[in-house]
>>> print(open('protein-v5.txt').read())   # compact mmCIF, C-alpha atoms
# COMPACT_ATOMS: atom_id res chain seq x y z
CA MET A 29 -24.35 -9.84 2.32
CA THR A 30 -21.10 -11.15 0.91
CA TRP A 31 -17.81 -9.94 -0.54
CA THR A 32 -16.54 -11.06 -3.93
CA ILE A 33 -13.16 -10.16 -5.37
CA ALA A 34 -12.19 -10.35 -9.04
CA PRO A 35 -9.51 -8.86 -11.30
CA GLU A 36 -10.73 -5.98 -13.41
CA PRO A 37 -9.12 -3.56 -15.87
CA PRO A 38 -8.00 -0.44 -14.01
CA ASP A 39 -9.90 1.76 -16.45
CA SER A 40 -13.23 -0.05 -16.18
CA PRO A 41 -16.20 2.08 -15.11
CA ALA A 42 -16.29 0.44 -11.66
CA ALA A 43 -12.55 0.92 -11.14
CA THR A 44 -12.69 4.54 -12.32
CA ALA A 45 -15.48 5.33 -9.85
CA LEU A 46 -13.55 3.62 -7.05
CA TRP A 47 -10.35 5.55 -7.95
CA ARG A 48 -12.32 8.78 -7.70
CA ALA A 49 -13.65 7.81 -4.26
CA TYR A 50 -10.18 6.71 -3.13
CA TYR A 51 -8.45 9.88 -4.29
CA THR A 52 -11.16 12.11 -2.86
CA GLU A 53 -10.77 10.54 0.57
CA VAL A 54 -6.99 10.38 0.76
CA SER A 55 -6.55 13.82 -0.82
CA ASP A 56 -9.10 15.40 1.51
CA ARG A 57 -7.39 13.85 4.52
CA TYR A 58 -4.02 15.15 3.37
CA TYR A 59 -5.17 18.67 2.50
CA LEU A 60 -7.28 19.03 5.64
CA ARG A 61 -4.30 17.94 7.74
CA HIS A 62 -1.71 20.12 6.01
CA GLU A 63 -3.57 23.02 4.42
CA GLY A 64 -6.99 23.18 6.09
CA ARG A 65 -8.88 22.65 2.83
CA ARG A 66 -10.54 19.94 0.80
CA THR A 67 -9.37 18.70 -2.58
CA ASP A 68 -10.07 20.94 -5.53
CA PRO A 69 -12.37 18.91 -7.85
CA ALA A 70 -10.43 20.05 -10.94
CA GLU A 71 -7.19 18.83 -9.34
CA LEU A 72 -8.82 15.49 -8.61
CA ASP A 73 -10.05 15.21 -12.21
CA ARG A 74 -6.52 15.90 -13.50
CA GLU A 75 -4.98 13.31 -11.19
CA VAL A 76 -7.43 10.55 -12.12
CA ALA A 77 -7.15 11.36 -15.84
CA ALA A 78 -3.33 11.37 -15.72
CA GLN A 79 -3.10 7.80 -14.46
CA THR A 80 -2.76 4.93 -16.94
CA TRP A 81 -2.39 2.29 -14.23
CA ASP A 82 -0.22 0.23 -16.60
CA GLU A 83 1.60 -1.24 -13.58
CA LEU A 84 -1.70 -2.82 -12.48
CA ARG A 85 -2.22 -4.71 -15.73
CA PRO A 86 -1.01 -8.19 -16.64
CA PRO A 87 1.56 -9.59 -17.03
CA LYS A 88 3.23 -7.77 -14.10
CA GLY A 89 0.26 -6.43 -12.19
CA GLU A 90 -3.39 -6.72 -11.41
CA LEU A 91 -6.21 -4.65 -10.02
CA LEU A 92 -8.69 -6.43 -7.78
CA VAL A 93 -12.16 -4.98 -7.39
CA ALA A 94 -14.23 -5.92 -4.36
CA ARG A 95 -17.98 -6.02 -4.58
CA TYR A 96 -20.31 -6.14 -1.62
CA SER A 97 -23.62 -7.73 -2.51
CA GLY A 98 -22.71 -7.20 -6.15
CA GLU A 99 -21.93 -3.46 -5.90
CA PRO A 100 -18.39 -2.07 -6.43
CA ALA A 101 -17.02 -1.41 -2.96
CA GLY A 102 -13.21 -1.39 -2.97
CA THR A 103 -9.90 -2.01 -4.68
CA ALA A 104 -6.43 -3.43 -4.15
CA GLY A 105 -3.64 -3.42 -6.68
CA VAL A 106 -0.60 -5.66 -6.95
CA ARG A 107 2.45 -5.00 -9.07
CA LEU A 108 5.50 -7.20 -9.43
CA LEU A 109 8.70 -5.27 -8.72
CA ASP A 110 11.16 -8.10 -9.29
CA ALA A 111 11.14 -11.90 -9.34
CA GLU A 112 10.63 -12.12 -5.57
CA THR A 113 8.86 -8.90 -4.57
CA ALA A 114 5.41 -7.49 -5.26
CA GLU A 115 3.95 -4.22 -4.04
CA LEU A 116 0.46 -3.71 -2.64
CA LYS A 117 -1.15 -0.52 -3.98
CA ARG A 118 -4.34 1.46 -3.45
CA VAL A 119 -6.19 -0.65 -0.89
CA PHE A 120 -9.53 1.05 -0.46
CA VAL A 121 -12.98 0.20 0.86
CA HIS A 122 -15.87 2.66 0.71
CA GLU A 123 -16.28 4.27 4.11
CA SER A 124 -19.90 3.10 4.43
CA LEU A 125 -18.76 -0.52 4.15
CA ARG A 126 -15.80 -0.44 6.52
CA GLY A 127 -15.95 -2.79 9.45
CA LYS A 128 -17.54 -5.53 7.34
CA GLY A 129 -14.29 -7.39 6.54
CA GLY A 130 -13.69 -6.00 3.05
CA GLY A 131 -10.18 -4.73 3.73
CA GLN A 132 -9.04 -8.10 5.01
CA VAL A 133 -10.66 -9.94 2.09
CA LEU A 134 -9.00 -7.56 -0.39
CA VAL A 135 -5.53 -7.82 1.16
CA ARG A 136 -5.74 -11.63 1.35
CA ALA A 137 -6.78 -11.74 -2.32
CA ALA A 138 -3.88 -9.42 -3.19
CA GLU A 139 -1.50 -11.75 -1.34
CA ASP A 140 -2.82 -14.67 -3.42
CA SER A 141 -2.35 -12.60 -6.57
CA ALA A 142 1.24 -11.75 -5.58
CA ARG A 143 1.95 -15.44 -4.98
CA ALA A 144 0.51 -16.26 -8.41
CA PHE A 145 3.00 -13.78 -9.89
CA GLY A 146 5.76 -15.72 -8.09
CA ALA A 147 6.44 -13.19 -5.33
CA ALA A 148 7.75 -14.38 -1.99
CA ARG A 149 7.32 -11.00 -0.33
CA LEU A 150 4.71 -8.25 -0.46
CA ILE A 151 5.67 -4.68 0.44
CA LEU A 152 3.69 -1.47 0.76
CA ASP A 153 3.88 2.10 1.93
CA THR A 154 1.25 4.28 3.53
CA ARG A 155 0.81 7.63 5.22
CA HIS A 156 0.76 8.39 8.92
CA ASP A 157 -2.83 9.66 8.89
CA LEU A 158 -4.18 6.45 7.31
CA VAL A 159 -4.35 4.82 10.73
CA GLU A 160 -7.03 2.31 9.70
CA ALA A 161 -4.79 0.98 6.94
CA ARG A 162 -1.79 0.68 9.25
CA ALA A 163 -3.88 -1.21 11.81
CA LEU A 164 -5.19 -3.57 9.11
CA TYR A 165 -1.71 -4.36 7.80
CA THR A 166 -0.37 -5.01 11.30
CA ARG A 167 -3.35 -7.24 12.12
CA LEU A 168 -2.69 -9.25 8.93
CA GLY A 169 0.95 -9.93 9.81
CA TYR A 170 2.76 -7.11 8.04
CA GLU A 171 5.81 -5.75 9.83
CA GLU A 172 6.91 -2.14 9.70
CA THR A 173 10.30 -1.82 7.98
CA ALA A 174 12.85 0.75 6.96
CA PRO A 175 11.85 2.79 3.90
CA HIS A 176 12.00 0.89 0.61
CA ASN A 177 11.22 3.89 -1.59
CA ASP A 178 11.30 7.67 -1.56
CA GLU A 179 7.67 8.33 -2.45
CA VAL A 180 6.70 11.83 -1.39
CA TYR A 181 3.62 10.77 0.59
CA ALA A 182 5.08 7.58 2.12
CA GLU A 183 5.61 7.77 5.88
CA HIS A 184 5.37 4.09 6.89
CA TRP A 185 6.67 1.01 5.07
CA PHE A 186 5.58 -2.59 5.61
CA SER A 187 6.58 -6.04 4.42
CA LYS A 188 5.22 -9.57 4.70
CA THR A 189 6.75 -12.88 3.70
CA LEU A 190 4.25 -14.81 1.58
CA ARG A 191 5.79 -18.29 1.62
>>> encode(input="protein-v5.txt", output="structure tokens")
Amino acid sequence: MTWTIAPEPPDSPAATALWRAYYTEVSDRYYLRHEGRRTDPAELDREVAAQTWDELRPPKGELLVARYSGEPAGTAGVRLLDAETAELKRVFVHESLRGKGGGQVLVRAAEDSARAFGAARLILDTRHDLVEARALYTRLGYEETAPHNDEVYAEHWFSKTLR
């Protein structure tokens, strides 16, 4: 069983299904933690439908879709913020495939994508409850930094020099 990573339009059928899985998981975690409930399916539908994902389209961005044995299994997005800085967005691997190296493969591919855009640094933000993500970023050489944005759900910020 092997991982493959390739750019894909953010509105492709595979990407759309992966967005839905991503949002279901992170929304459920958030709502269970803060409100003791799961995500309302209608709310999820509205959120997915409202996104255009233009920032993850060339020439300033890219969505990478991971496949495990040919089946869509995860995503990572990269968007160029300025001439030197790119941002890592929406790293996700289906829960059933975690522990098989997909997160690392996706992040490394995203780093290569950021370099191809000319970025010397990759930044990201994440939530406190996404402990697996924070552990992955630390393991891959990302350092926690001061906040670089004021996103409502951001609780931890990371950066990595790419050159």
>>> closest_residue(input="protein-v5.txt", among="A:Ala161, A:Leu150, A:Ala182, A:Met29", to="A:Val119", atoms="all atoms listed in the file")
A:Ala161
>>> closest_atom_pairs(input="protein-v5.txt", of="stretch 36-137 of chain A", to="stretch 173-176 of chain A", cutoff="12 Å", atoms="only C-alpha atoms", output="JSON lines")
{"residue": "A:Leu109", "atom": "CA", "partner": "A:His176", "partner_atom": "CA", "distance": 11.7}
{"residue": "A:Thr113", "atom": "CA", "partner": "A:His176", "partner_atom": "CA", "distance": 11.5}
{"residue": "A:Glu115", "atom": "CA", "partner": "A:His176", "partner_atom": "CA", "distance": 10.6}
>>> write_last_selection(input="protein-v5.txt", atoms="C-alpha atoms", output="PDB file, in the frame of the given file")
ATOM      1  CA  LEU A 109       8.700  -5.270  -8.720  1.00  0.00           C
ATOM      2  CA  THR A 113       8.860  -8.900  -4.570  1.00  0.00           C
ATOM      3  CA  GLU A 115       3.950  -4.220  -4.040  1.00  0.00           C
TER       4      GLU A 115
END
>>> residues_around(input="protein-v5.txt", residues="A:Arg66", least_positions_apart="3", cutoff="9 Å", atoms="only C-alpha atoms", output="list in words")
Thr52, Ser55, Asp56, Arg57, Tyr58, Tyr59, Leu60, Glu63 and Pro69 of chain A
>>> write_last_selection(input="protein-v5.txt", atoms="C-alpha atoms", output="PDB file, in the frame of the given file")
ATOM      1  CA  THR A  52     -11.160  12.110  -2.860  1.00  0.00           C
ATOM      2  CA  SER A  55      -6.550  13.820  -0.820  1.00  0.00           C
ATOM      3  CA  ASP A  56      -9.100  15.400   1.510  1.00  0.00           C
ATOM      4  CA  ARG A  57      -7.390  13.850   4.520  1.00  0.00           C
ATOM      5  CA  TYR A  58      -4.020  15.150   3.370  1.00  0.00           C
ATOM      6  CA  TYR A  59      -5.170  18.670   2.500  1.00  0.00           C
ATOM      7  CA  LEU A  60      -7.280  19.030   5.640  1.00  0.00           C
ATOM      8  CA  GLU A  63      -3.570  23.020   4.420  1.00  0.00           C
ATOM      9  CA  PRO A  69     -12.370  18.910  -7.850  1.00  0.00           C
TER      10      PRO A  69
END
>>> atom_distance(input="protein-v5.txt", atom1="atom CA of A:Arg74", atom2="atom CA of A:Glu90")
22.9 Å
>>> closest_residue(input="protein-v5.txt", among="A:Leu134, A:Ala114, A:Leu72, A:Leu125", to="A:Gly146", atoms="only C-alpha atoms")
A:Ala114
